[in-house]
Each structure stands twice: as structure tokens, then as C-alpha cells.
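Peer 1: Handing you this structure, nothing more for now.
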Amino acid sequence: SYWTEEIVISSSRHRQDRADVAQEIRSVAPQDIERNNPQTTADMLGQNAGVFVQKSQLGGGSPMIRGFAANRVLLVMDGVRMNNAIYRAGNLQNVIAIDANMLDRGEVLYGPGSVMYGSDALGGVMVFESASARPLLTEGSAFVRYSTANSEKTGHLDFNYGKTRWAFRTGLTYSDFGDLRAGTNHPDDYKDFGTRPWYVERRGNEDIQVMNDNVNVQEGSGYEQFNLLQKIDFLPAAEWSAHYTLQYSTTSNVPRYDRVTQMKNDQPKYGEWYYGPQDWLSNSLRLSNVVTNSLWDEMDVTLSHQYNEESRHDRKFNDPEIYHRTEGVNLFAINADLTRELDKNRKLTYGAEVTHNIVTSEGEGENIETGETFPVSTRYPDGGSRMTTFSGYVQEQQKFSPRWIVTAGLRYSHHLLNSEFDDKTFYDFPFSSIDINTGALTGQLGTVYSLRSDLRFRANFASGFRAPNVDDVGKIFDSEPGSVVVPNPELDPEYSYNIEGGVEKSFMDRVTVSVNGYYSWLIDEMVRRDFTFGGQDSIMYDGTMSQVQAIVNAGKGYLTGFDFSIGARIDTHWSASTTLTYTAGRDKEDDVPQRHVPPLYGQGSVKYTAQKWSSELFAVYNNWKSWSDLSPDEQGKPDLYTADGTPTWWTLNLRGAYSVTHSTEITAALENIFDLHYRPFSSGISAPGRNFIVSLRQNF
């Protein structure tokens, strides 16, 4: 049938037919990435996987899945979870550390994935698999790419060398992104919104407000990025294999564009606000055994270590003092995943995971005129933090008939957290440490029923659980103008209960229609709300009197929505498709909208494919979202929206590829043809204007 043609890995951590999976899954193949030329993995998710992506700056991209985002969705790279103890509740940009040009496939598992992946997977799981090292093969490829909207210059090289037992694959990507130019055509709803007639320049010992020659150029938004992937595979025997993966990603300083555009008393609020280099180093070793015994048919054991370093640097306009805050996280993990076919109709999957996070946080002030340094408050507890999780899961799949499949699973997760507050010079905390010791059992029950080979029904119920991490309970930072978030040692876990259903129908093997709907109940959800510190509702933070807030448990809420898609193969050359996604949700405790709920959005496409070339004309669209439908968190950021909220927008785009030879290919695209100026929901930077992209790829 149509649905057995695709293999997925995300729902069970092992490869299986998509037709057997009760949850909604979308996949991205390497050819999709090559054709679409995404600048980052965040862009790839937005283009291919139906994920809404928010950006606070050009060097960012925060995926939103079914109204969940940041530390409530999970990133998994080569079987290793990327989420660490300081993944925050706001918008999160870490997905850009993954090199889209070295992916073998990407998958998005919609809905709670807590049974197979544990805490953080409330809204969904984004699973990435990098290109494998292949034995008995020597091959490589290289490409260069240029984009006009931000003068992007990207170069990429990867090479595979394989012998009988050993295989090596190396991948290198370097990108230089200039300042992003937005569109020049402003709809009435936007007028001059998003333009920047000025920027700040430091001249001698003074900040100067310089007039911008082109108000649609978002001055100071550019950055650079470098990625390295190294894989080594060893095949000592037919049933054993070992896979070592090294991944490294770093950036230049990344300007926080939405902050440097803020005004205060008719002048810029900041002279500087930027992230330091975002460094991610990952080492993992996976041992695989494929042999049938009493315990497993297939076993994978993965040992991994990741190091993340990030920093924030801000200085007020014409203030010589700059604040540097740096965080480091060492994340150690061990995973064991096993499968066993009990008989031809029953399959058992089970495993365990242990993770351990070590968090350090430092703060330092500097006078840029004299070079003098001085202590400032840290973002996270200065005495350090530890977070450890222990979990085990089991899942069984039963085929009651060729048409009817049922999957059921359970997972128990236990979380331990300790944060130490040693220095109370800046804030007189009424506690010296925060300790959390909690656990929960989550479950999943799903069924797939194929009424005919061309008609399939899915239904799934799943529960999710997320324990507070170090960012939730221990941080101190300015969340928005005039507000500061403080630690809350009384924070409890949050829970979700999700029911979803879907139907897929194909017509004459040419047209496929898919509809999926869901409803998620949220209990004790973690949200940011007004708070008190030492009996005060406002405190001084970095020289600004700020409203005190904290992450608290907000009682009950819900998220609901649907997505709809049609794909049609008109003939051997022509095809067409369209997708539409709708999400809604409210915090019922305070009767306010949920934060990470984008407006109605979708995409429509017509493709033509011939022997040596292909082309695609497609439109991307977002509906209007009114100010009253924004959450309190978003209403606290008036710089990101018009007085009416976020207006409707749509773009028309064209792209294509031509094979010059069997090993040489040129791809080109013209995006935002009408040069519309628009800003995606919740984003702090306007989207690219008319953008011409060209790349040349050579395989060897």
C-alpha cells in the first residue's frame, strides 16, 4: 500500500514501517534538503516538516509543535538527546547547531513522546540522523551557495572512505551570513513596522545613533557558523558494529536583534546586546548487536558526552559597563535500546536511560573604557547545579490481523536536581539551595486500522511528564523590558494527556488526503507569572527597577488543533500538494491564551520533474493573529507586534534544479518574489525580502 513505502525511526527508536505507527510523523529526506537549500536546520524544519519556526535573531530558530516549544519539545541527534538542564521555556535556538547538510534524514514525531524518549517530549520529538560512514565505498561531494537577502556565502565538503571493516566520513560546513535585508513592500497593516532607520555605532568613548542608508537592512544581524562531523564505523563481526560520532558546532558572536532595536526615553536602550559563540561538542559511541537470543534480536548501547557553552553580553546605550554572563553544561548519558520479536505478530521494545548534567554559571562586568572588571550576578546558581535522570521503558506492538495493529507502552522516569546559591551579595535569597526529587509513570496506547489498502485510521492516547530543570527553577534574567525572573524552589512537574486521531485516504494511487486532530490537557503547566521576592514585587536588576516574575505551576490548560494535507501526482512530470495547520490553546487558570500558539499557517506547491531538471512554484501563508489572542508573555513584547497583533502575510516563491552532468548540479531559487515585508509570529527580526539563491554541487 501507499503507507508501507516509508520507513521511520522516531516512534520506536528502531526502524519500522510508517503504516504501523499510530502517531503523526513527518520525514525530511536528503534530496529535500538539497533541493530547498535551507540556511540552517531550523529553516529546514520550517520548509519541510510542517513545523512553525520563531526567530529572535538571524542566528536562531525555535521550533513550535502543536503549541509546545523550547524545553517542552525534544531534540535527538543520532539517538542522543540534546536537551540539557538549561534548555529554557522561552524561545530556544539550539537546533541551528545541527548541520542540515550532513543529515541522512530528519523526522518529527507529533504529540507526547515521553514513553520512548522521556521528559521534555511533551509536544513532540525532532529526530535527526546524520549521514553514515559506509564501508567499501569512496565518495564525496562539495557545494557552494550564495543568497542575496543576507549575502550568505556557504561552502561545504564531505568525504567517505570505506574498507571492509572500517569506514570514515568527514563533513565540513562554513557559512558567513551578512545583515538581513527585509522586503520593501509594506502592507497597510505593517506600514513602517520592522524598518530600522538607525543603528548604534561606538566611536571613541561614545555611542552614536547612526542613520541607516537602507531602513529595510537589519543592520548588525549577521553572523558566522562552522560545523564539523566525523564518523568512524568498525565492523568486527557480522553481528557486531561500533559507531563513533564527533560533532562540533560554533558561531561567531550573534547579535540579539530584537534587543538592540528597543528604545527607552526616545533613544536606543542598548549600545550592545549579543550572544557569545554558541559552542556544541558531542561525542558518542554506539555498540550494536544483531543476533537472536532470549533477550533481544537487536541491541544498541550508546555512551555519549556533550558540552554546551553559551554566553550573553549586554551594555546600555552610552554606558561604559558591559555585563558578561557565561554558562557551561556537561551532559553525560548512557542509553540501552533493545527489540525482540516474541512471535510473527508481536514485537517488544524496551530499554533504559541515565543522564547527568553539570551546570556552571559565571558573571563578570567590564568597563570598556578602563578595562576594569567587577563581579555581577550570574544567570544560574553560582554554586553550580546537578541534574540526573533515571528511566526505563517497555513497549509492545501486537498485530491482531494484517489490518489492525495495537501498540502500548510505559515509561518510568525519576529526576534529581540540586542547585547551590553560595553568593548572596546581589540577592538575599531566602534559601541556600534548591532540591527536587520527583518521578512519574507515563503511558501510551495507540492503534492503526486499515479498512482497505487505500484507507487508514489512526488513534493514539499518550501521557507526558516534564520535571523542572535548572533553567525553570534557578535562573535570574530580564525576560522582557522592565521584568526580571527569579528562582522558585516550590516549582512542581507539569503533565499532559493527549488524544489524537487521523485518517489517510488515497485515490487511484494518485491523490492522498490526510487529516489529523488532537487535544492535549495540561496539568500544573509551568508558566511565567508575576511573583514576589523578599516580599517585594519589584527589584533592581542591572540598574533597572524590574517587575518580579517566576516560573510557577498554573493549574490547568489545553492545546488543540488539526492539520490537513493533500498530495496529488498528476502525471509522470507534474505533482501538487498543500498543507494547513491550525492550533489553539488557553491557560484555564488565568483564562489567557497559551504562549507558543502560532496563527493558522500552511503551504501550497506545484512541481514539475523531468529527467535532468525540476522546478517548483510554491506559496507560504500565515493568517492574522489579534492582540487579544496573544499570551501575556507576548503582550509584554510590544516591539514584536503591531497594535492589532501579527498581520496576515503570504509569499510566492520559485525554485528549481538542473543536472549539468550525472555528478554536477545547479540549484536556484527566487523567494518572496513580491518582496513583501513581514515578520513571522513571535519573531524579533523581519523575514528575508526578495531573495535569489544559487548553489553549485559537485559529487565525486
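Following the order of the C-alpha cells, chains are lettered A, B, ..., residues in each are numbered from 1, and ligands are numbered from 1.
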Skipping near chain neighbours, those fewer than 6 positions away, what residues fall within 9 Å of Leu109 of chain A using only C-alpha atoms, listed as number ranges by chain?
Peer 2: A: 10-11, 23-27, 123-127
Peer 1: Might you pull out every residue within 6 Å of Ile434 of chain A, with only C-alpha atoms counted and same-chain residues fewer than 6 positions away left off, and present them as a PyMOL selection string?
Peer 2: chain A and resi 418-419+489
Peer 1: Residues near Ala121 of chain A, anyone? I mean within 10 Å using only C-alpha atoms, not counting same-chain ones fewer than 3 positions away, as number ranges by chain.
Peer 2: A: 68-69, 71-75, 83, 109-118, 124-126, 464-466
Peer 1: Take the residues just selected and output them with C-alpha atoms as a PDB file, in the first residue's frame.
Peer 2:
ATOM      1  CA  PHE A  68       4.704  23.447  22.530  1.00  0.00           C
ATOM      2  CA  ALA A  69       8.230  24.811  22.103  1.00  0.00           C
ATOM      3  CA  ASN A  71      12.210  22.748  26.579  1.00  0.00           C
ATOM      4  CA  ARG A  72       8.801  21.139  26.037  1.00  0.00           C
ATOM      5  CA  VAL A  73       9.881  19.572  22.732  1.00  0.00           C
ATOM      6  CA  LEU A  74      12.858  17.259  22.388  1.00  0.00           C
ATOM      7  CA  LEU A  75      15.856  17.302  20.036  1.00  0.00           C
ATOM      8  CA  ASN A  83      18.092  18.831  25.613  1.00  0.00           C
ATOM      9  CA  LEU A 109       7.107  12.873  15.896  1.00  0.00           C
ATOM     10  CA  TYR A 110       3.994  14.873  16.793  1.00  0.00           C
ATOM     11  CA  GLY A 111       2.441  14.639  20.243  1.00  0.00           C
ATOM     12  CA  PRO A 112       3.921  13.337  23.519  1.00  0.00           C
ATOM     13  CA  GLY A 113       6.956  11.117  23.002  1.00  0.00           C
ATOM     14  CA  SER A 114       7.577  10.583  26.709  1.00  0.00           C
ATOM     15  CA  VAL A 115       7.326   6.778  26.620  1.00  0.00           C
ATOM     16  CA  MET A 116      10.181   6.322  24.158  1.00  0.00           C
ATOM     17  CA  TYR A 117      12.188   9.477  24.883  1.00  0.00           C
ATOM     18  CA  GLY A 118      11.347  10.650  28.393  1.00  0.00           C
ATOM     19  CA  GLY A 124       6.850  16.281  20.053  1.00  0.00           C
ATOM     20  CA  VAL A 125      10.275  14.912  19.189  1.00  0.00           C
ATOM     21  CA  MET A 126      12.591  16.066  16.388  1.00  0.00           C
ATOM     22  CA  GLY A 464       3.567  13.241  29.195  1.00  0.00           C
ATOM     23  CA  PHE A 465       5.601  14.426  32.155  1.00  0.00           C
ATOM     24  CA  ARG A 466       8.276  17.109  32.475  1.00  0.00           C
TER      25      ARG A 466
END
Peer 1: Find the spatial neighbours of segment 673-676 of chain A, counting only C-alpha atoms, within a cut-off of 12 Å - ignore same-chain residues fewer than 6 positions away - and output them as a ChimeraX atom specification.
Peer 2: /A:149,181-188,190-191,194,216,617-621,648-655,686-692
Peer 1: What would the file look like if the residues just selected were written as a compact mmCIF listing (two decimals), in the first residue's frame with N, CA and C atoms?
Peer 2:
# COMPACT_ATOMS: atom_id res chain seq x y z
N ALA A 149 19.67 37.95 0.00
CA ALA A 149 18.98 38.68 1.07
C ALA A 149 19.89 38.98 2.25
N ARG A 181 18.38 41.67 4.77
CA ARG A 181 17.52 42.68 4.16
C ARG A 181 16.10 42.17 4.09
N ALA A 182 15.17 42.90 4.69
CA ALA A 182 13.76 42.55 4.65
C ALA A 182 13.12 43.13 3.39
N GLY A 183 11.86 42.79 3.16
CA GLY A 183 11.16 43.25 1.97
C GLY A 183 10.87 44.75 2.00
N THR A 184 10.71 45.31 0.81
CA THR A 184 10.46 46.76 0.70
C THR A 184 8.99 47.10 0.60
N ASN A 185 8.14 46.12 0.31
CA ASN A 185 6.71 46.38 0.15
C ASN A 185 5.98 46.12 1.46
N HIS A 186 5.49 47.18 2.08
CA HIS A 186 4.85 47.10 3.38
C HIS A 186 3.33 47.11 3.22
N PRO A 187 2.64 46.04 3.62
CA PRO A 187 1.17 46.09 3.61
C PRO A 187 0.68 47.17 4.57
N ASP A 188 -0.57 47.58 4.40
CA ASP A 188 -1.13 48.63 5.25
C ASP A 188 -1.04 48.26 6.73
N TYR A 190 1.25 46.72 8.21
CA TYR A 190 2.62 46.86 8.72
C TYR A 190 3.13 48.30 8.62
N LYS A 191 2.72 49.03 7.58
CA LYS A 191 3.22 50.38 7.33
C LYS A 191 4.75 50.38 7.44
N GLY A 194 8.93 47.23 11.47
CA GLY A 194 10.05 46.37 11.15
C GLY A 194 11.21 47.07 10.49
N ASN A 216 15.38 48.97 5.42
CA ASN A 216 14.97 47.56 5.39
C ASN A 216 16.13 46.60 5.63
N LEU A 617 6.87 25.81 -7.95
CA LEU A 617 6.26 27.09 -7.61
C LEU A 617 5.44 26.88 -6.35
N PHE A 618 5.73 27.65 -5.31
CA PHE A 618 5.02 27.41 -4.05
C PHE A 618 4.72 28.72 -3.33
N ALA A 619 3.67 28.66 -2.53
CA ALA A 619 3.25 29.80 -1.72
C ALA A 619 3.26 29.39 -0.26
N VAL A 620 3.68 30.32 0.60
CA VAL A 620 3.68 30.12 2.05
C VAL A 620 2.78 31.20 2.64
N TYR A 621 1.92 30.83 3.59
CA TYR A 621 0.97 31.81 4.10
C TYR A 621 0.74 31.65 5.60
N THR A 648 -1.79 39.22 8.58
CA THR A 648 -1.74 38.17 7.56
C THR A 648 -0.61 38.46 6.57
N TRP A 649 0.05 37.40 6.11
CA TRP A 649 1.03 37.58 5.05
C TRP A 649 1.11 36.30 4.21
N TRP A 650 1.56 36.45 2.96
CA TRP A 650 1.83 35.29 2.12
C TRP A 650 2.92 35.66 1.12
N THR A 651 3.69 34.66 0.73
CA THR A 651 4.76 34.87 -0.25
C THR A 651 4.64 33.86 -1.38
N LEU A 652 5.06 34.28 -2.55
CA LEU A 652 5.15 33.41 -3.72
C LEU A 652 6.62 33.17 -4.01
N ASN A 653 6.98 31.89 -4.30
CA ASN A 653 8.38 31.50 -4.40
C ASN A 653 8.57 30.51 -5.54
N LEU A 654 9.76 30.50 -6.11
CA LEU A 654 10.08 29.61 -7.21
C LEU A 654 11.47 29.03 -6.99
N ARG A 655 11.62 27.73 -7.21
CA ARG A 655 12.94 27.11 -7.12
C ARG A 655 13.04 25.97 -8.12
N SER A 686 12.58 40.70 11.08
CA SER A 686 11.74 40.54 9.90
C SER A 686 12.34 39.48 8.98
N ALA A 687 11.47 38.85 8.20
CA ALA A 687 11.87 37.77 7.30
C ALA A 687 12.62 38.33 6.08
N PRO A 688 13.34 37.48 5.34
CA PRO A 688 14.05 37.96 4.16
C PRO A 688 13.10 38.55 3.12
N GLY A 689 13.58 39.60 2.47
CA GLY A 689 12.85 40.14 1.33
C GLY A 689 13.11 39.27 0.10
N ARG A 690 12.94 39.86 -1.08
CA ARG A 690 13.20 39.09 -2.31
C ARG A 690 14.61 38.53 -2.24
N ASN A 691 14.72 37.23 -2.44
CA ASN A 691 15.98 36.54 -2.16
C ASN A 691 16.31 35.59 -3.30
N PHE A 692 17.41 35.83 -3.96
CA PHE A 692 17.88 34.92 -5.01
C PHE A 692 18.96 34.02 -4.42
Peer 1: Pick out the residues sitting within 7 Å of segment 317-334 of chain A, and hand them over as number ranges by chain; count only C-alpha atoms, and ignore anything fewer than 4 positions along from it in its own chain.
Peer 2: A: 84, 206-207, 268-271, 302-313, 353-369, 378-379
Peer 1: Please identify all polymer residues within 10 Å of segment 438-447 of chain A, counting only C-alpha atoms, omitting same-chain residues fewer than 2 positions from it, and present them as an MDAnalysis selection string.
Peer 2: chainID A and resid 20:23 112:116 118:119 389:399 404:417 435:436 449 457:468 492:493 495:501
Peer 1: Smallest atom-to-atom distance to Ala97 of chain A: which of A:Ser56, A:Ser432, A:Gln247, A:Asn265, using only C-alpha atoms?
Peer 2: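 Closest to Ala97 of chain A, using only C-alpha atoms: A:Gln247.
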Peer 1: Rounded to one decimal place, report the atom CA of Thr250 of chain A-atom CA of Val217 of chain A distance in Å.
Peer 2: 25.1 Å
